[in-house]
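Novice: Next comes the structure file start.cif, holding mmCIF, C-alpha atoms and all ligand atoms.
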data_run
#
loop_
_atom_site.label_atom_id
_atom_site.label_comp_id
_atom_site.auth_asym_id
_atom_site.auth_seq_id
_atom_site.Cartn_x
_atom_site.Cartn_y
_atom_site.Cartn_z
CA MET A 163 -11.38 34.77 -15.15
CA THR A 164 -8.01 36.05 -16.27
CA GLU A 165 -6.64 34.71 -19.52
CA ARG A 166 -3.81 32.88 -17.72
CA MET A 167 -6.28 30.96 -15.60
CA SER A 168 -7.73 29.25 -18.67
CA LEU A 169 -4.47 28.01 -20.20
CA SER A 170 -3.89 24.26 -20.41
CA LEU A 171 -1.04 22.84 -18.37
CA ALA A 172 1.08 22.37 -21.50
CA GLN A 173 0.62 26.06 -22.31
CA ALA A 174 0.95 27.42 -18.78
CA ASP A 175 3.81 25.24 -17.56
CA PRO A 176 5.45 23.11 -20.25
CA VAL A 177 8.16 21.87 -17.89
CA VAL A 178 5.68 20.27 -15.50
CA ALA A 179 3.53 19.05 -18.41
CA ASP A 180 6.58 17.39 -19.95
CA ALA A 181 7.47 15.63 -16.69
CA ILE A 182 3.90 14.30 -16.49
CA ASP A 183 4.05 13.08 -20.10
CA LYS A 184 7.34 11.33 -19.47
CA GLU A 185 6.06 9.77 -16.24
CA THR A 186 2.99 8.51 -18.13
CA PHE A 187 5.28 6.90 -20.69
CA ARG A 188 7.50 5.46 -17.94
CA GLN A 189 4.50 3.88 -16.24
CA HIS A 190 3.33 2.47 -19.56
CA GLU A 191 6.55 0.97 -20.91
CA GLY A 192 7.87 -0.76 -17.80
CA LEU A 193 6.68 -3.50 -15.47
CA GLU A 194 5.59 -1.96 -12.17
CA MET A 195 6.24 -4.54 -9.48
CA ILE A 196 6.54 -2.37 -6.39
CA ALA A 197 4.11 -4.14 -4.05
CA SER A 198 2.61 -0.90 -2.70
CA GLU A 199 1.76 0.58 -6.10
CA ASN A 200 -1.19 0.27 -8.44
CA PHE A 201 -2.89 2.05 -11.35
CA VAL A 202 -6.15 3.90 -10.71
CA SER A 203 -8.92 4.04 -13.29
CA GLU A 204 -9.54 7.06 -15.51
CA ALA A 205 -12.64 7.74 -13.40
CA VAL A 206 -10.64 7.87 -10.16
CA LEU A 207 -8.03 10.05 -11.84
CA GLU A 208 -10.70 12.45 -13.05
CA ALA A 209 -12.27 12.79 -9.60
CA ALA A 210 -8.82 13.28 -8.02
CA GLY A 211 -8.07 16.07 -10.50
CA SER A 212 -11.45 17.72 -10.01
CA ILE A 213 -12.45 21.21 -8.87
CA PHE A 214 -13.19 19.85 -5.38
CA THR A 215 -9.55 20.78 -4.76
CA ASN A 216 -10.85 24.34 -4.36
CA LYS A 217 -13.19 23.55 -1.48
CA TYR A 218 -12.70 23.90 2.27
CA ALA A 219 -14.90 21.49 4.19
CA GLU A 220 -13.55 21.29 7.75
CA GLY A 221 -15.84 19.17 9.87
CA TYR A 222 -18.01 16.25 8.79
CA PRO A 223 -21.08 15.92 6.52
CA GLY A 224 -23.97 17.89 7.98
CA ARG A 225 -21.72 19.68 10.50
CA ARG A 226 -19.18 21.75 8.60
CA TYR A 227 -17.36 24.91 9.59
CA TYR A 228 -17.79 26.36 6.09
CA GLY A 229 -20.71 27.18 3.81
CA GLY A 230 -21.19 25.70 0.35
CA CYS A 231 -20.45 22.13 1.45
CA GLU A 232 -23.58 20.48 0.03
CA TYR A 233 -21.68 18.68 -2.75
CA ALA A 234 -18.70 17.93 -0.54
CA ASP A 235 -21.24 16.23 1.75
CA VAL A 236 -22.53 14.18 -1.19
CA VAL A 237 -19.10 12.74 -2.01
CA GLU A 238 -18.00 12.22 1.60
CA ASN A 239 -21.27 10.46 2.48
CA LEU A 240 -20.89 8.25 -0.60
CA ALA A 241 -17.29 7.40 0.33
CA ARG A 242 -18.30 6.57 3.91
CA ASP A 243 -21.35 4.49 2.93
CA ARG A 244 -19.45 2.55 0.29
CA ALA A 245 -16.49 1.88 2.61
CA ARG A 246 -18.86 0.69 5.35
CA GLN A 247 -20.48 -1.70 2.90
CA LEU A 248 -17.16 -2.84 1.41
CA PHE A 249 -15.60 -3.73 4.75
CA ASN A 250 -18.72 -4.40 6.78
CA ALA A 251 -17.64 -1.68 9.22
CA GLU A 252 -19.87 0.26 11.56
CA HIS A 253 -18.00 3.55 11.40
CA VAL A 254 -15.62 4.97 8.80
CA ASN A 255 -13.55 8.13 8.63
CA VAL A 256 -12.45 8.84 5.06
CA GLN A 257 -10.56 12.07 5.78
CA PRO A 258 -7.00 10.93 6.68
CA HIS A 259 -4.65 12.28 4.02
CA SER A 260 -2.47 9.16 4.02
CA GLY A 261 -1.83 5.87 5.76
CA SER A 262 0.61 7.50 8.16
CA GLN A 263 -1.95 10.17 9.06
CA ALA A 264 -4.54 7.46 9.65
CA ASN A 265 -2.19 5.70 12.07
CA ALA A 266 -1.33 8.97 13.83
CA ALA A 267 -5.03 9.66 14.34
CA ALA A 268 -5.79 6.09 15.45
CA TYR A 269 -3.05 6.26 18.08
CA SER A 270 -4.07 9.67 19.33
CA ALA A 271 -7.69 8.49 19.64
CA VAL A 272 -6.67 5.95 22.29
CA LEU A 273 -3.18 6.88 23.56
CA LYS A 274 -1.53 9.72 25.41
CA ALA A 275 2.13 10.67 24.97
CA GLY A 276 4.44 8.14 26.60
CA ASP A 277 1.99 5.23 26.34
CA THR A 278 3.29 1.97 24.88
CA ILE A 279 2.84 0.50 21.38
CA LEU A 280 3.70 -3.10 20.49
CA GLY A 281 4.22 -3.56 16.74
CA LEU A 282 6.02 -5.71 14.17
CA ASP A 283 9.70 -4.75 13.84
CA LEU A 284 10.32 -2.80 10.61
CA ALA A 285 13.21 -5.13 9.79
CA HIS A 286 10.77 -8.06 9.92
CA GLY A 287 8.17 -6.52 7.62
CA GLY A 288 6.53 -3.85 9.83
CA HIS A 289 6.05 -0.17 9.04
CA LEU A 290 7.82 3.01 10.19
CA THR A 291 4.60 4.26 11.80
CA HIS A 292 4.39 1.16 14.01
CA GLY A 293 6.93 2.55 16.45
CA HIS A 294 10.19 3.12 14.58
CA LYS A 295 12.38 5.64 16.39
CA LEU A 296 12.65 7.94 13.34
CA SER A 297 8.84 8.14 13.02
CA PHE A 298 6.44 10.25 15.12
CA SER A 299 5.20 6.94 16.49
CA GLY A 300 8.56 6.15 18.06
CA LYS A 301 9.10 9.68 19.34
CA LEU A 302 5.70 10.28 20.91
CA TYR A 303 5.16 6.81 22.34
CA ARG A 304 7.22 4.15 24.06
CA THR A 305 7.61 1.30 21.61
CA THR A 306 8.41 -2.34 21.71
CA PHE A 307 8.39 -4.96 18.96
CA TYR A 308 7.51 -8.51 18.04
CA HIS A 309 9.23 -10.51 15.31
CA VAL A 310 8.96 -13.43 12.91
CA ARG A 311 10.32 -16.81 13.90
CA ARG A 312 13.76 -17.75 12.53
CA ASP A 313 12.60 -21.15 11.28
CA THR A 314 9.26 -20.35 9.63
CA GLU A 315 9.84 -16.63 8.98
CA GLN A 316 6.22 -16.14 10.08
CA ILE A 317 4.92 -14.06 13.01
CA ASP A 318 5.94 -15.49 16.37
CA TYR A 319 2.66 -15.15 18.27
CA ASP A 320 4.15 -16.76 21.39
CA GLU A 321 6.85 -14.08 21.48
CA MET A 322 4.16 -11.45 20.84
CA GLU A 323 2.18 -12.70 23.81
CA ALA A 324 5.20 -12.91 26.11
CA THR A 325 6.24 -9.37 25.14
CA ALA A 326 2.69 -8.09 25.66
CA LEU A 327 2.52 -9.63 29.13
CA ARG A 328 5.89 -8.12 30.04
CA GLU A 329 5.56 -4.67 28.43
CA LYS A 330 1.81 -4.08 28.96
CA PRO A 331 1.26 -2.17 25.69
CA ASN A 332 -1.71 0.21 25.40
CA VAL A 333 -1.91 -0.53 21.67
CA LEU A 334 -1.11 -3.82 19.94
CA ILE A 335 -0.76 -3.09 16.22
CA GLY A 336 -0.70 -5.63 13.41
CA GLY A 337 -0.02 -5.26 9.72
CA GLY A 338 3.08 -4.46 7.74
CA SER A 339 4.58 -3.54 4.42
CA ALA A 340 6.65 -6.62 3.67
CA TYR A 341 4.84 -9.58 5.19
CA PRO A 342 3.69 -12.20 2.65
CA ARG A 343 1.55 -14.36 4.97
CA LEU A 344 -1.89 -14.35 6.56
CA TRP A 345 -2.29 -12.85 10.03
CA ASP A 346 -3.95 -14.58 12.97
CA PHE A 347 -6.36 -11.75 13.84
CA ALA A 348 -8.21 -13.79 16.49
CA ARG A 349 -5.01 -14.63 18.34
CA MET A 350 -3.93 -10.98 18.29
CA ARG A 351 -7.28 -9.87 19.69
CA GLN A 352 -6.93 -12.47 22.44
CA ILE A 353 -3.47 -11.17 23.32
CA ALA A 354 -4.69 -7.56 23.29
CA ASP A 355 -7.67 -8.44 25.52
CA LYS A 356 -5.40 -10.30 27.94
CA VAL A 357 -3.38 -7.14 28.64
CA GLY A 358 -6.17 -4.61 28.13
CA ALA A 359 -4.64 -3.14 24.95
CA THR A 360 -6.49 -1.63 22.01
CA PHE A 361 -6.02 -3.90 18.97
CA VAL A 362 -5.27 -1.77 15.92
CA PHE A 363 -4.79 -3.50 12.57
CA ASP A 364 -3.16 -1.59 9.72
CA MET A 365 -4.34 -3.31 6.53
CA ALA A 366 -2.69 -0.79 4.17
CA HIS A 367 -1.12 -3.42 1.92
CA ILE A 368 -3.94 -5.95 1.84
CA ALA A 369 -7.07 -3.73 1.92
CA GLY A 370 -7.92 -4.49 -1.71
CA LEU A 371 -7.58 -8.23 -1.13
CA VAL A 372 -9.84 -7.93 1.92
CA ALA A 373 -12.36 -5.87 -0.07
CA GLY A 374 -12.28 -8.41 -2.89
CA GLY A 375 -12.68 -11.43 -0.63
CA ALA A 376 -9.20 -12.80 -1.40
CA HIS A 377 -7.95 -12.35 2.17
CA PRO A 378 -9.65 -12.67 5.59
CA SER A 379 -10.79 -9.38 7.14
CA PRO A 380 -9.30 -7.86 10.29
CA VAL A 381 -12.35 -5.61 10.74
CA PRO A 382 -14.42 -8.01 12.91
CA HIS A 383 -11.43 -8.55 15.23
CA ALA A 384 -9.73 -5.15 15.56
CA HIS A 385 -10.96 -2.25 17.70
CA ILE A 386 -9.61 0.07 14.99
CA THR A 387 -8.60 -0.80 11.43
CA THR A 388 -6.46 1.68 9.49
CA THR A 389 -5.52 1.59 5.83
CA THR A 390 -4.16 3.36 2.82
CA THR A 391 -6.46 3.54 -0.18
CA HIS A 392 -3.87 3.52 -2.98
CA LYS A 393 -2.25 0.09 -2.70
CA THR A 394 -4.21 -3.09 -3.51
CA LEU A 395 -7.43 -1.11 -2.96
CA ARG A 396 -6.61 0.86 -6.15
CA GLY A 397 -7.91 4.24 -5.07
CA PRO A 398 -6.26 7.66 -4.83
CA ARG A 399 -3.17 8.18 -2.63
CA SER A 400 -4.80 8.54 0.80
CA GLY A 401 -5.89 6.90 4.06
CA MET A 402 -8.94 5.75 6.02
CA ILE A 403 -9.96 4.51 9.49
CA LEU A 404 -12.67 1.97 10.36
CA CYS A 405 -13.97 1.22 13.85
CA GLY A 406 -16.99 0.31 15.96
CA PRO A 407 -19.43 2.78 17.51
CA ALA A 408 -17.58 2.93 20.84
CA LEU A 409 -14.53 4.62 19.30
CA ALA A 410 -16.26 6.53 16.48
CA ALA A 411 -16.36 9.94 18.19
CA ALA A 412 -12.77 9.64 19.47
CA VAL A 413 -11.49 8.67 16.02
CA ASP A 414 -13.35 11.50 14.26
CA LYS A 415 -12.04 14.05 16.78
CA ALA A 416 -8.52 12.66 16.44
CA VAL A 417 -8.57 13.13 12.64
CA PHE A 418 -10.17 16.59 12.73
CA PRO A 419 -9.31 18.78 14.55
CA GLY A 420 -6.69 16.52 16.18
CA GLN A 421 -4.35 15.81 13.27
CA GLN A 422 -5.61 17.62 10.20
CA GLY A 423 -7.38 20.71 8.90
CA GLY A 424 -9.65 20.62 5.87
CA PRO A 425 -10.13 17.29 4.11
CA LEU A 426 -8.86 16.86 0.54
CA VAL A 427 -12.38 16.79 -0.91
CA HIS A 428 -11.16 15.94 -4.43
CA ILE A 429 -9.40 12.89 -2.96
CA VAL A 430 -12.45 12.00 -0.87
CA ALA A 431 -14.44 12.12 -4.14
CA ALA A 432 -11.86 9.86 -5.78
CA LYS A 433 -12.12 7.47 -2.81
CA ALA A 434 -15.89 7.31 -3.32
CA VAL A 435 -15.32 6.36 -6.97
CA ALA A 436 -12.67 3.75 -6.09
CA PHE A 437 -14.87 2.17 -3.39
CA GLY A 438 -17.70 2.03 -5.91
CA GLU A 439 -15.39 0.14 -8.26
CA ALA A 440 -14.27 -2.20 -5.46
CA LEU A 441 -17.93 -3.07 -4.72
CA ARG A 442 -18.37 -4.42 -8.26
CA PRO A 443 -18.02 -8.17 -8.96
CA GLU A 444 -15.04 -7.54 -11.28
CA PHE A 445 -13.02 -6.39 -8.29
CA ARG A 446 -13.38 -9.80 -6.66
CA THR A 447 -11.96 -11.35 -9.83
CA TYR A 448 -9.14 -8.81 -9.72
CA ALA A 449 -8.25 -9.54 -6.08
CA ALA A 450 -8.20 -13.31 -6.67
CA GLN A 451 -5.99 -12.83 -9.74
CA VAL A 452 -3.52 -10.66 -7.77
CA VAL A 453 -2.97 -13.54 -5.33
CA ALA A 454 -2.89 -16.21 -8.07
CA ASN A 455 -0.30 -14.15 -9.96
CA ALA A 456 1.90 -13.75 -6.88
CA LYS A 457 1.88 -17.51 -6.30
CA VAL A 458 2.85 -18.28 -9.91
CA LEU A 459 5.58 -15.64 -9.88
CA GLY A 460 6.95 -17.05 -6.62
CA GLN A 461 6.92 -20.58 -8.02
CA GLY A 462 8.82 -19.41 -11.11
CA LEU A 463 11.53 -17.83 -8.97
CA ALA A 464 11.68 -20.79 -6.59
CA ASP A 465 12.03 -23.17 -9.56
CA ALA A 466 15.12 -21.19 -10.57
CA GLY A 467 16.59 -21.74 -7.10
CA TYR A 468 15.64 -18.47 -5.41
CA ARG A 469 14.71 -18.70 -1.74
CA ILE A 470 11.28 -17.15 -1.11
CA ILE A 471 11.01 -15.82 2.45
CA SER A 472 8.59 -17.96 4.52
CA GLY A 473 8.47 -20.42 1.62
CA GLY A 474 5.80 -18.64 -0.41
CA THR A 475 3.00 -16.10 -0.25
CA ASP A 476 -0.65 -15.83 0.74
CA ASN A 477 -1.11 -12.33 -0.62
CA HIS A 478 0.10 -9.94 -3.31
CA LEU A 479 3.81 -9.82 -2.47
CA LEU A 480 6.95 -11.91 -2.33
CA LEU A 481 10.14 -11.33 -0.42
CA VAL A 482 13.02 -12.92 -2.29
CA ASP A 483 16.39 -13.69 -0.72
CA VAL A 484 18.77 -12.74 -3.54
CA PHE A 485 21.84 -12.69 -1.28
CA GLN A 486 21.75 -16.47 -1.10
CA LYS A 487 22.75 -16.27 -4.76
CA GLY A 488 25.47 -13.76 -3.92
CA ILE A 489 23.48 -10.71 -5.05
CA LEU A 490 22.67 -7.70 -2.88
CA GLY A 491 19.10 -6.39 -2.94
CA SER A 492 20.45 -3.02 -4.10
CA GLU A 493 22.27 -4.66 -7.03
CA ALA A 494 19.15 -6.62 -7.94
CA GLU A 495 16.98 -3.47 -7.84
CA LEU A 496 19.42 -1.67 -10.14
CA ALA A 497 19.75 -4.52 -12.65
CA LEU A 498 16.01 -5.14 -12.81
CA GLY A 499 15.46 -1.40 -13.25
CA LYS A 500 17.74 -1.46 -16.30
CA ALA A 501 15.67 -4.36 -17.63
CA GLY A 502 12.45 -2.33 -17.25
CA ILE A 503 11.23 -4.17 -14.14
CA THR A 504 10.66 -1.92 -11.11
CA VAL A 505 11.02 -3.55 -7.68
CA ASN A 506 12.52 -2.40 -4.40
CA LYS A 507 15.40 -3.70 -2.36
CA ASN A 508 14.19 -4.93 1.01
CA SER A 509 15.63 -6.29 4.23
CA ILE A 510 14.75 -9.89 4.96
CA PRO A 511 14.06 -11.08 8.50
CA TRP A 512 17.25 -11.52 10.54
CA ASP A 513 19.17 -9.82 7.73
CA THR A 514 22.93 -9.72 8.18
CA ASN A 515 23.28 -6.93 5.60
CA PRO A 516 22.49 -3.21 6.20
CA PRO A 517 19.14 -1.64 5.11
CA LEU A 518 20.61 0.18 2.08
CA LYS A 519 22.38 -2.97 0.89
CA PRO A 520 19.97 -5.62 2.14
CA SER A 521 19.68 -9.28 1.21
CA GLY A 522 16.32 -9.18 -0.47
CA ILE A 523 13.91 -7.66 -2.94
CA ARG A 524 10.16 -7.17 -2.54
CA VAL A 525 8.05 -7.99 -5.58
CA GLY A 526 4.30 -7.42 -5.96
CA THR A 527 1.57 -8.16 -8.48
CA PRO A 528 -1.24 -5.58 -7.87
CA ALA A 529 -0.23 -3.13 -10.62
CA LEU A 530 0.46 -5.69 -13.35
CA THR A 531 -2.80 -7.48 -12.55
CA THR A 532 -4.65 -4.18 -13.04
CA ARG A 533 -3.12 -4.09 -16.54
CA GLY A 534 -4.72 -7.46 -17.21
CA MET A 535 -1.69 -9.70 -16.85
CA LYS A 536 -2.29 -13.28 -15.73
CA GLU A 537 -0.39 -16.53 -15.08
CA PRO A 538 1.31 -16.82 -18.54
CA GLU A 539 2.74 -13.30 -18.21
CA MET A 540 3.90 -14.07 -14.65
CA ARG A 541 5.88 -17.09 -15.93
CA LEU A 542 7.46 -14.90 -18.60
CA ILE A 543 8.33 -12.21 -16.04
CA ALA A 544 9.81 -14.72 -13.57
CA ALA A 545 12.10 -15.90 -16.38
CA TRP A 546 13.11 -12.31 -17.19
CA ILE A 547 13.85 -11.60 -13.53
CA VAL A 548 16.06 -14.69 -13.31
CA LYS A 549 17.84 -13.77 -16.56
CA ALA A 550 18.32 -10.13 -15.57
CA LEU A 551 19.83 -11.14 -12.23
CA ASP A 552 22.16 -13.60 -13.99
CA GLN A 553 23.20 -10.86 -16.41
CA ARG A 554 23.25 -8.08 -13.81
CA ASN A 555 26.68 -6.83 -14.93
CA ASP A 556 25.89 -6.96 -18.63
CA ASP A 557 24.19 -3.71 -19.66
CA GLU A 558 23.62 -4.93 -23.21
CA GLY A 559 21.85 -8.06 -22.02
CA LEU A 560 19.69 -5.98 -19.66
CA GLU A 561 18.84 -3.57 -22.48
CA LYS A 562 17.72 -6.52 -24.60
CA ILE A 563 15.36 -7.71 -21.82
CA ARG A 564 14.07 -4.13 -21.53
CA GLY A 565 13.03 -4.31 -25.20
CA GLU A 566 11.14 -7.56 -24.62
CA VAL A 567 9.53 -6.07 -21.51
CA ALA A 568 8.37 -3.03 -23.50
CA GLU A 569 6.82 -5.32 -26.12
CA LEU A 570 4.81 -7.13 -23.45
CA ALA A 571 3.79 -3.83 -21.83
CA GLU A 572 2.57 -2.61 -25.21
CA GLN A 573 0.07 -5.48 -25.27
CA PHE A 574 -1.47 -4.26 -21.99
CA PRO A 575 -2.09 -0.57 -22.65
CA LEU A 576 -2.33 1.88 -19.80
CA TYR A 577 -4.00 5.30 -20.04
CA ALA A 578 -3.76 4.93 -23.83
CA TRP A 579 -5.10 8.34 -24.76
CA ARG A 580 -2.75 10.11 -22.39
CA ARG A 581 0.28 8.86 -24.28
CA ALA A 582 -0.51 11.01 -27.29
CA PRO A 583 1.76 14.06 -27.16
CA ALA A 584 -0.19 16.98 -25.75
CA PRO A 585 -0.99 19.50 -28.51
CA VAL A 586 0.96 22.70 -27.84
CA GLU A 587 -0.83 25.74 -29.16
CA ALA A 588 1.02 28.94 -29.87
C1 LIG A 601 2.11 2.21 3.07
C2 LIG A 601 1.86 1.96 4.50
C3 LIG A 601 1.57 3.00 5.40
C4 LIG A 601 1.75 4.45 5.07
O1 LIG A 601 1.05 4.97 4.07
P1 LIG A 601 1.40 6.42 3.49
O2 LIG A 601 0.17 6.74 2.73
O3 LIG A 601 2.63 6.26 2.67
O4 LIG A 601 1.61 7.34 4.65
C5 LIG A 601 1.23 2.68 6.70
N1 LIG A 601 1.19 1.40 7.10
C6 LIG A 601 1.50 0.37 6.29
C7 LIG A 601 1.44 -1.02 6.81
C8 LIG A 601 1.86 0.62 4.96
O5 LIG A 601 2.18 -0.40 4.18
#
Produce structure tokens that represent the structure in this file.
Specialist:
Amino acid sequence: MTERMSLSLAQADPVVADAIDKETFRQHEGLEMIASENFVSEAVLEAAGSIFTNKYAEGYPGRRYYGGCEYADVVENLARDRARQLFNAEHVNVQPHSGSQANAAAYSAVLKAGDTILGLDLAHGGHLTHGHKLSFSGKLYRTTFYHVRRDTEQIDYDEMEATALREKPNVLIGGGSAYPRLWDFARMRQIADKVGATFVFDMAHIAGLVAGGAHPSPVPHAHITTTTTHKTLRGPRSGMILCGPALAAAVDKAVFPGQQGGPLVHIVAAKAVAFGEALRPEFRTYAAQVVANAKVLGQGLADAGYRIISGGTDNHLLLVDVFQKGILGSEAELALGKAGITVNKNSIPWDTNPPLKPSGIRVGTPALTTRGMKEPEMRLIAAWIVKALDQRNDDEGLEKIRGEVAELAEQFPLYAWRRAPAPVEA
């Protein structure tokens, strides 16, 4: 091995090492409330950073196109077995690189170009990959959408059914990235069966709640279930597909060689570790706490007069209408950022404002719950959010909240040993 190959990152590339140090500190000192984010364990991090990144393993365990895959097979088999157990699924493909790749593979397993997808409108909480015209899904397939009702701000299943009967979709897809309520999986399956569509459910946001028993499972109802592994499920940044035996071969072929080349074996290893963690009883406690925290946070904001979209939450996220208080979502995101609270601006259903200056913010509890925060912290944070929004034009006031936020964060340490400045040797 050349001498350069054995240098630490700080020695070999101090600029990148410094950015990582600063990002570690950023993650530690603020309150991460982006609903799609979480903090993986040291064990998951170690597997994700492992030497499996060097390995090509095209194919599947026991039938690879490369030699030397015996240990790659160990980790992929573990990831598959654990995922099957976790979600009570008959077949699992753990190779999709991301949630979007999982959806692309799921579609291509059952659709041909020009076929029709029926999904939740992005503006009502759906996802780009559910048919948006800027996504591959909207370019390759004909797409049509269902919506939430104006009065309840919950999915309008009657509209979904009427649209399905009219448009005859080949795939009916459920799931979204900004929908705070439970889904009626049985009704969706009924609608799909009525028109002969494949029912795909994308549980990217709620997978960890499903795994932890804090949310009903789509797996018994859907022909194909897709997911990310890095949101509530608290694994590495990646994707996964679950299905029954009838579609197993089509799904596997769609992932490789259909959509991807070699799997990211280091990430597959990290998925195995994360699924192992999710199978432990502590993860059930975690999932229940995520939901309990979201409810308390929502109550705190509602008590201060904020309108919570759909009147509350059943899961890990809240959509808050800040425009009703005369604040744009973009202004709220900026002010909360200055106060050390990271959220994202978000359209609300039937929004009258444009996507970059929408009426709402999306707030989630998975990451803070991983840090160990519970109901008392949620009450404190709701009060800070209200105060920061009141003082959104007062940088000094926001800075003061940021100090209080940092003090709270300090009591819930994150990757403690990584915060020590990396020793730089001459
Ligand atoms: C996050 C998300 C995805 C995409 O995941 P990536 O890993 O970012 O590609 C797909 N579907 C839904 C519902 C999501 O929330």
Novice: Any idea what's packed within 8 Å of segment 451-465 of chain A, counting all atoms listed in the file, ignoring anything in its chain fewer than 5 positions away? Could you give it as a PyMOL selection string?
Specialist: chain A and resi 376+470+474-480+526-528+531+536-537+540-541+543-545+548
Novice: At a cut-off of 9 Å and counting only C-alpha atoms and all ligand atoms, what residues surround ligand LIG 601 (chain A)? Please answer as a ChimeraX atom specification.
Specialist: /A:198,259-265,287-292,336-340,363-368,388-393,399-401
Novice: Kindly indicate which residue among A:Phe418, A:Phe307, A:Phe214, A:Trp345 lies nearest to Arg226 of chain A, using only C-alpha atoms for the distances.
Specialist: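 For Arg226 of chain A, the nearest of the candidates is A:Phe418.
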Novice: Considering all atoms listed in the file, give me a table of residues in segment 373-482 of chain A that are at most 10 Å from segment 203-210 of chain A, with the closest atom pair and distance in Å for each, as JSON lines.
Specialist:
{"residue": "A:Arg396", "atom": "CA", "partner": "A:Ser203", "partner_atom": "CA", "distance": 8.2}
{"residue": "A:Gly397", "atom": "CA", "partner": "A:Val206", "partner_atom": "CA", "distance": 6.8}
{"residue": "A:Pro398", "atom": "CA", "partner": "A:Val206", "partner_atom": "CA", "distance": 6.9}
{"residue": "A:Arg399", "atom": "CA", "partner": "A:Ala210", "partner_atom": "CA", "distance": 9.3}
{"residue": "A:Leu426", "atom": "CA", "partner": "A:Ala210", "partner_atom": "CA", "distance": 9.3}
{"residue": "A:Val427", "atom": "CA", "partner": "A:Ala210", "partner_atom": "CA", "distance": 8.7}
{"residue": "A:His428", "atom": "CA", "partner": "A:Ala210", "partner_atom": "CA", "distance": 5.0}
{"residue": "A:Ile429", "atom": "CA", "partner": "A:Ala210", "partner_atom": "CA", "distance": 5.1}
{"residue": "A:Val430", "atom": "CA", "partner": "A:Ala210", "partner_atom": "CA", "distance": 8.1}
{"residue": "A:Ala431", "atom": "CA", "partner": "A:Ala209", "partner_atom": "CA", "distance": 5.9}
{"residue": "A:Ala432", "atom": "CA", "partner": "A:Ala209", "partner_atom": "CA", "distance": 4.8}
{"residue": "A:Lys433", "atom": "CA", "partner": "A:Val206", "partner_atom": "CA", "distance": 7.5}
{"residue": "A:Ala434", "atom": "CA", "partner": "A:Val206", "partner_atom": "CA", "distance": 8.6}
{"residue": "A:Val435", "atom": "CA", "partner": "A:Val206", "partner_atom": "CA", "distance": 5.9}
{"residue": "A:Ala436", "atom": "CA", "partner": "A:Val206", "partner_atom": "CA", "distance": 6.1}
{"residue": "A:Phe437", "atom": "CA", "partner": "A:Val206", "partner_atom": "CA", "distance": 9.8}
{"residue": "A:Glu439", "atom": "CA", "partner": "A:Ser203", "partner_atom": "CA", "distance": 9.1}
Novice: List the spatial neighbours of segment 558-563 of chain A as JSON, numbers by chain - criterion: any atom at most 7 Å away, all atoms listed in the file, same-chain residues fewer than 3 positions off excluded.
Specialist: {"A": [500, 501, 546, 550, 553, 566, 567]}
Novice: Please, what distance in Å, to one decimal, runs between atom CA of Glu493 of chain A and atom CA of Ser521 of chain A?
Specialist: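 Taking atom CA of Glu493 of chain A as the start and atom CA of Ser521 of chain A as the end point, the length is 9.8 Å.
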Novice: Looking at all atoms listed in the file, which of A:Leu284, A:Ala578, A:Ala326, A:Ala348 is the one that sits closest to Pro382 of chain A?
Specialist: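 Of all the options, A:Ala348 lies closest to Pro382 of chain A.
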Novice: I want to know what sits within 9 Å of segment 481-491 of chain A, based on all atoms listed in the file, with residues of the same chain fewer than 2 positions away left out; could you give that as number ranges by chain?
Specialist: A: 340-342, 460, 463, 467-472, 474-475, 479, 493-496, 506-510, 515, 518-526, 551
Novice: Write the residues you've just listed into a file as a tab-separated table (two decimals), in the coordinates of the input, and include C-alpha atoms for each of them.
Specialist:
chain	number	residue	atom	x	y	z
A	340	ALA	CA	6.65	-6.62	3.67
A	341	TYR	CA	4.84	-9.58	5.19
A	342	PRO	CA	3.69	-12.20	2.65
A	460	GLY	CA	6.95	-17.05	-6.62
A	463	LEU	CA	11.53	-17.83	-8.97
A	467	GLY	CA	16.59	-21.74	-7.10
A	468	TYR	CA	15.64	-18.47	-5.41
A	469	ARG	CA	14.71	-18.70	-1.74
A	470	ILE	CA	11.28	-17.15	-1.11
A	471	ILE	CA	11.01	-15.82	2.45
A	472	SER	CA	8.59	-17.96	4.52
A	474	GLY	CA	5.80	-18.64	-0.41
A	475	THR	CA	3.00	-16.10	-0.25
A	479	LEU	CA	3.81	-9.82	-2.47
A	493	GLU	CA	22.27	-4.66	-7.03
A	494	ALA	CA	19.15	-6.62	-7.94
A	495	GLU	CA	16.98	-3.47	-7.84
A	496	LEU	CA	19.42	-1.67	-10.14
A	506	ASN	CA	12.52	-2.40	-4.40
A	507	LYS	CA	15.40	-3.70	-2.36
A	508	ASN	CA	14.19	-4.93	1.01
A	509	SER	CA	15.63	-6.29	4.23
A	510	ILE	CA	14.75	-9.89	4.96
A	515	ASN	CA	23.28	-6.93	5.60
A	518	LEU	CA	20.61	0.18	2.08
A	519	LYS	CA	22.38	-2.97	0.89
A	520	PRO	CA	19.97	-5.62	2.14
A	521	SER	CA	19.68	-9.28	1.21
A	522	GLY	CA	16.32	-9.18	-0.47
A	523	ILE	CA	13.91	-7.66	-2.94
A	524	ARG	CA	10.16	-7.17	-2.54
A	525	VAL	CA	8.05	-7.99	-5.58
A	526	GLY	CA	4.30	-7.42	-5.96
A	551	LEU	CA	19.83	-11.14	-12.23
Novice: Do you have the atom CA of Ala172 of chain A-atom CA of Thr215 of chain A distance handy?
Specialist: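 Computing it gives 19.9 Å between the two atoms.
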Novice: Could you tell me how far atom CA of Thr447 of chain A lies from atom CA of Leu576 of chain A, in Å and to one decimal?
Specialist: 19.2 Å
